[in-house]
>>> print(open('work.cif').read())   # mmCIF, C-alpha atoms
data_final
loop_
_atom_site.label_atom_id
_atom_site.label_comp_id
_atom_site.auth_asym_id
_atom_site.auth_seq_id
_atom_site.Cartn_x
_atom_site.Cartn_y
_atom_site.Cartn_z
CA MET A 503 -4.61 5.32 17.45
CA ALA A 504 -6.25 5.09 14.01
CA GLY A 505 -8.35 2.13 15.19
CA GLU A 506 -9.55 4.08 18.22
CA LEU A 507 -10.47 7.03 15.99
CA LYS A 508 -12.54 4.79 13.68
CA LYS A 509 -14.27 3.22 16.68
CA LEU A 510 -15.07 6.65 18.11
CA THR A 511 -16.32 7.88 14.72
CA ARG A 512 -18.67 4.86 14.38
CA SER A 513 -19.93 5.47 17.89
CA VAL A 514 -20.73 9.13 17.16
CA GLN A 515 -22.40 8.21 13.86
CA SER A 516 -24.66 5.70 15.57
CA VAL A 517 -25.75 8.34 18.08
CA GLU A 518 -26.36 10.94 15.36
CA GLY A 519 -28.18 8.58 13.02
CA GLY A 520 -25.30 7.17 11.02
CA LYS A 521 -25.04 6.46 7.30
CA GLY A 522 -25.57 10.10 6.37
CA ILE A 523 -29.05 10.34 7.89
CA GLU A 524 -29.07 13.17 10.38
CA GLY A 525 -31.19 13.47 13.49
CA LEU A 526 -32.61 10.00 14.07
CA ASN A 527 -31.90 9.91 17.77
CA TYR A 528 -34.71 10.23 20.33
CA GLU A 529 -34.02 13.86 21.23
CA ASN A 530 -34.28 14.96 17.59
CA LEU A 531 -37.42 12.99 16.82
CA CYS A 532 -39.45 13.56 19.98
CA ILE A 533 -41.39 16.81 20.41
CA GLN A 534 -40.89 16.85 24.20
CA PRO A 535 -38.04 14.41 24.94
CA ASP A 536 -37.62 15.46 28.58
CA VAL A 537 -41.30 15.27 29.56
CA LYS A 538 -42.37 12.29 31.59
CA LEU A 539 -46.01 11.37 32.09
CA PRO A 540 -47.21 11.19 35.70
CA GLU A 541 -46.78 7.79 37.34
CA GLY A 542 -49.74 5.56 36.55
CA TYR A 543 -51.20 7.97 33.98
CA LYS A 544 -53.08 6.21 31.20
CA PRO A 545 -53.85 8.42 28.19
CA PRO A 546 -57.57 8.51 27.39
CA LYS A 547 -59.09 7.14 24.20
CA LEU A 548 -58.85 10.07 21.82
CA GLU A 549 -60.96 10.97 18.83
CA MET A 550 -58.71 10.58 15.82
CA PHE A 551 -58.25 13.36 13.24
CA ASP A 552 -57.35 12.17 9.74
CA GLY A 553 -56.96 15.49 7.95
CA THR A 554 -60.65 15.91 7.14
CA GLY A 555 -63.16 17.66 9.32
CA ASP A 556 -62.84 20.80 11.39
CA PRO A 557 -59.38 21.06 13.02
CA LYS A 558 -60.66 23.42 15.73
CA VAL A 559 -63.31 20.88 16.75
CA HIS A 560 -60.54 18.29 17.02
CA LEU A 561 -58.34 20.57 19.14
CA ARG A 562 -61.22 21.35 21.49
CA ALA A 563 -62.21 17.67 21.86
CA TYR A 564 -58.56 16.72 22.35
CA CYS A 565 -58.02 19.26 25.12
CA ASP A 566 -61.27 18.27 26.84
CA LYS A 567 -60.12 14.63 26.99
CA LEU A 568 -56.87 15.45 28.80
CA VAL A 569 -58.41 15.59 32.25
CA GLY A 570 -55.72 15.86 34.92
CA VAL A 571 -52.79 16.64 32.62
CA GLY A 572 -54.30 19.05 30.07
CA LYS A 573 -53.03 22.13 31.86
CA ASN A 574 -49.45 20.91 31.42
CA GLU A 575 -48.54 22.33 28.00
CA GLN A 576 -45.61 19.98 27.46
CA ILE A 577 -47.69 16.87 28.11
CA ARG A 578 -50.45 18.24 25.87
CA MET A 579 -47.91 18.65 23.06
CA LYS A 580 -46.33 15.24 23.69
CA LEU A 581 -49.68 13.39 23.53
CA PHE A 582 -51.04 15.25 20.50
CA MET A 583 -49.47 12.84 18.03
CA ARG A 584 -51.65 10.08 19.51
CA SER A 585 -54.78 11.87 18.30
CA ILE A 586 -53.99 12.11 14.58
CA ILE A 587 -53.84 9.60 11.74
CA ARG A 588 -53.39 9.40 7.95
CA ASP A 589 -52.74 12.79 6.30
CA ALA A 590 -52.67 14.65 9.61
CA LEU A 591 -50.05 12.27 10.98
CA SER A 592 -48.02 12.49 7.77
CA TRP A 593 -48.05 16.28 8.03
CA TYR A 594 -47.06 16.16 11.70
CA ILE A 595 -44.17 13.76 11.13
CA CYS A 596 -42.76 15.99 8.37
CA GLN A 597 -42.55 18.95 10.79
CA ASN A 598 -39.50 19.92 12.80
CA PRO A 599 -40.73 19.55 16.40
CA LYS A 600 -38.11 22.02 17.63
CA LYS A 601 -39.92 24.87 15.86
CA TRP A 602 -42.84 24.62 18.29
CA ASP A 603 -41.94 26.52 21.45
CA ASN A 604 -45.38 26.07 22.95
CA TRP A 605 -48.83 24.57 22.47
CA VAL A 606 -50.21 27.67 20.73
CA SER A 607 -47.52 27.61 18.02
CA MET A 608 -48.14 23.91 17.35
CA ALA A 609 -51.94 24.30 17.37
CA SER A 610 -51.66 27.35 15.08
CA ASP A 611 -49.60 25.40 12.54
CA PHE A 612 -52.12 22.55 12.77
CA MET A 613 -55.00 24.98 12.18
CA ASP A 614 -53.21 26.65 9.26
CA ARG A 615 -52.55 23.29 7.62
CA PHE A 616 -56.13 21.98 7.91
CA LYS A 617 -58.19 25.20 7.86
CA PHE A 618 -59.37 24.41 4.33
CA ASN A 619 -61.75 21.93 5.99
CA MET A 620 -63.61 24.83 7.61
CA GLU A 621 -64.35 26.63 4.34
CA ASN A 622 -67.89 26.83 2.99
CA THR A 623 -69.23 23.96 0.94
CA PRO A 624 -67.80 24.35 -2.57
CA ASP A 625 -69.91 24.39 -5.71
CA VAL A 626 -69.20 22.43 -8.91
CA PHE A 627 -67.36 25.38 -10.49
CA TYR A 628 -65.02 25.63 -7.48
CA ILE A 629 -64.23 21.90 -7.56
CA GLN A 630 -63.55 21.94 -11.30
CA ASN A 631 -61.07 24.80 -10.86
CA LEU A 632 -59.39 23.53 -7.71
CA LYS A 633 -55.62 23.53 -8.21
CA LYS A 634 -52.87 21.83 -6.27
CA LYS A 635 -51.04 24.26 -4.00
CA PRO A 636 -47.24 24.34 -4.48
CA THR A 637 -46.73 23.51 -0.81
CA GLU A 638 -48.93 20.40 -0.69
CA THR A 639 -48.33 16.83 -1.81
CA PHE A 640 -50.61 15.14 -4.28
CA CYS A 641 -52.18 13.08 -1.47
CA GLU A 642 -52.94 16.26 0.46
CA TYR A 643 -54.41 17.83 -2.69
CA ALA A 644 -56.54 14.75 -3.35
CA THR A 645 -57.81 14.77 0.24
CA ARG A 646 -58.67 18.46 -0.02
CA TRP A 647 -60.42 17.88 -3.33
CA ARG A 648 -62.40 14.93 -1.95
CA SER A 649 -63.45 16.80 1.16
#
>>> encode(input="work.cif", output="structure tokens")
Amino acid sequence: MAGELKKLTRSVQSVEGGKGIEGLNYENLCIQPDVKLPEGYKPPKLEMFDGTGDPKVHLRAYCDKLVGVGKNEQIRMKLFMRSIIRDALSWYICQNPKKWDNWVSMASDFMDRFKFNMENTPDVFYIQNLKKKPTETFCEYATRWRS
């Protein structure tokens, strides 16, 4: 009986991530685990967003590229990760995908995170006094400072 219990415990741990790391299974990591792409669908080549530039321009270009599946909100959310790299991808991966109920909530968080790119061109005084926000990493701060 004790052997069966250990075997069952190991089995549950492997499904849940094991070794004390929670939520590493597919359903916890994937933003839309139940969404399947249409048969034969090949995602288009997307413009990549790296955390610099205007996030609204990226969202508009991204949505325009999703011809045929763009109206399906779940597919739009599932494919979004394929359009971001570097700091934007790092931000995205650190998010809890379950908090986004719909495309608008995800796009709003994305806009909030990268809206600093839409601000007016800073002057020397602004750059000299630019401080790291408590909610951002040093890499994010450095990217914001550089941009």
>>> residues_near_point(input="work.cif", point="(-61.2, 14.1, 0.5)", cutoff="9 Å", atoms="all atoms listed in the file", output="PyMOL selection string")
chain A and resi 553-554+642-649
>>> write_last_selection(input="work.cif", atoms="C-alpha atoms", output="compact mmCIF listing (two decimals), in the coordinates of the input")
# COMPACT_ATOMS: atom_id res chain seq x y z
CA GLY A 553 -56.96 15.49 7.95
CA THR A 554 -60.65 15.91 7.14
CA GLU A 642 -52.94 16.26 0.46
CA TYR A 643 -54.41 17.83 -2.69
CA ALA A 644 -56.54 14.75 -3.35
CA THR A 645 -57.81 14.77 0.24
CA ARG A 646 -58.67 18.46 -0.02
CA TRP A 647 -60.42 17.88 -3.33
CA ARG A 648 -62.40 14.93 -1.95
CA SER A 649 -63.45 16.80 1.16
>>> closest_residue(input="work.cif", among="A:Ala609, A:Met550, A:Ala504, A:Val571", to="Ser585 (chain A)", atoms="all atoms listed in the file")
A:Met550
>>> residues_around(input="work.cif", residues="Gly570 (chain A)", least_positions_apart="2", cutoff="12 Å", atoms="all atoms listed in the file", output="list in words")
Leu539, Pro540, Tyr543, Lys544, Pro545, Pro546, Cys565, Asp566, Lys567, Leu568, Gly572, Lys573, Asn574, Glu575, Ile577 and Arg578 of chain A
>>> closest_residue(input="work.cif", among="A:Lys509, A:His560, A:Lys601, A:Arg584", to="Lys547 (chain A)", atoms="all atoms listed in the file")
A:Arg584
>>> atom_distance(input="work.cif", atom1="CA of Asn530 (chain A)", atom2="CA of Gln576 (chain A)")
15.8 Å
>>> closest_residue(input="work.cif", among="A:Gln534, A:Pro636, A:Gly542, A:Val559", to="Asp603 (chain A)", atoms="only C-alpha atoms")
A:Gln534
>>> atom_distance(input="work.cif", atom1="CA of Asp552 (chain A)", atom2="CA of Leu591 (chain A)")
7.4 Å
>>> closest_residue(input="work.cif", among="A:Arg615, A:Lys633, A:Lys508, A:Lys558", to="Asp589 (chain A)", atoms="only C-alpha atoms")
A:Arg615
>>> residues_around(input="work.cif", residues="Tyr594 (chain A)", least_positions_apart="6", cutoff="9 Å", atoms="all atoms listed in the file", output="MDAnalysis selection string")
chainID A and resid 583 586 612
>>> write_last_selection(input="work.cif", atoms="C-alpha atoms", output="short mmCIF file (atom, residue, chain, number, x, y, z; two decimals), keeping the file's coordinate frame")
data_model
loop_
_atom_site.label_atom_id
_atom_site.label_comp_id
_atom_site.auth_asym_id
_atom_site.auth_seq_id
_atom_site.Cartn_x
_atom_site.Cartn_y
_atom_site.Cartn_z
CA MET A 583 -49.47 12.84 18.03
CA ILE A 586 -53.99 12.11 14.58
CA PHE A 612 -52.12 22.55 12.77
#
>>> residues_around(input="work.cif", residues="Asn619 (chain A)", least_positions_apart="2", cutoff="7 Å", atoms="only C-alpha atoms", output="list in words")
Thr554, Gly555, Asp556, Phe616, Lys617 and Glu621 of chain A
>>> closest_residue(input="work.cif", among="A:Arg562, A:Pro557, A:Phe582, A:Ile587", to="Phe618 (chain A)", atoms="only C-alpha atoms")
A:Pro557
>>> atom_distance(input="work.cif", atom1="CA of Phe551 (chain A)", atom2="CA of Met613 (chain A)")
12.1 Å
>>> closest_residue(input="work.cif", among="A:Trp593, A:Tyr564, A:Val606, A:Leu510", to="Thr637 (chain A)", atoms="only C-alpha atoms")
A:Trp593
>>> axis_aligned_box(input="work.cif", around="region 592-607 of chain A", padding_each_side="4 Å", output="JSON")
{"center_x": -44.2, "center_y": 20.1, "center_z": 15.4, "size_x": 20.1, "size_y": 23.2, "size_z": 23.2}
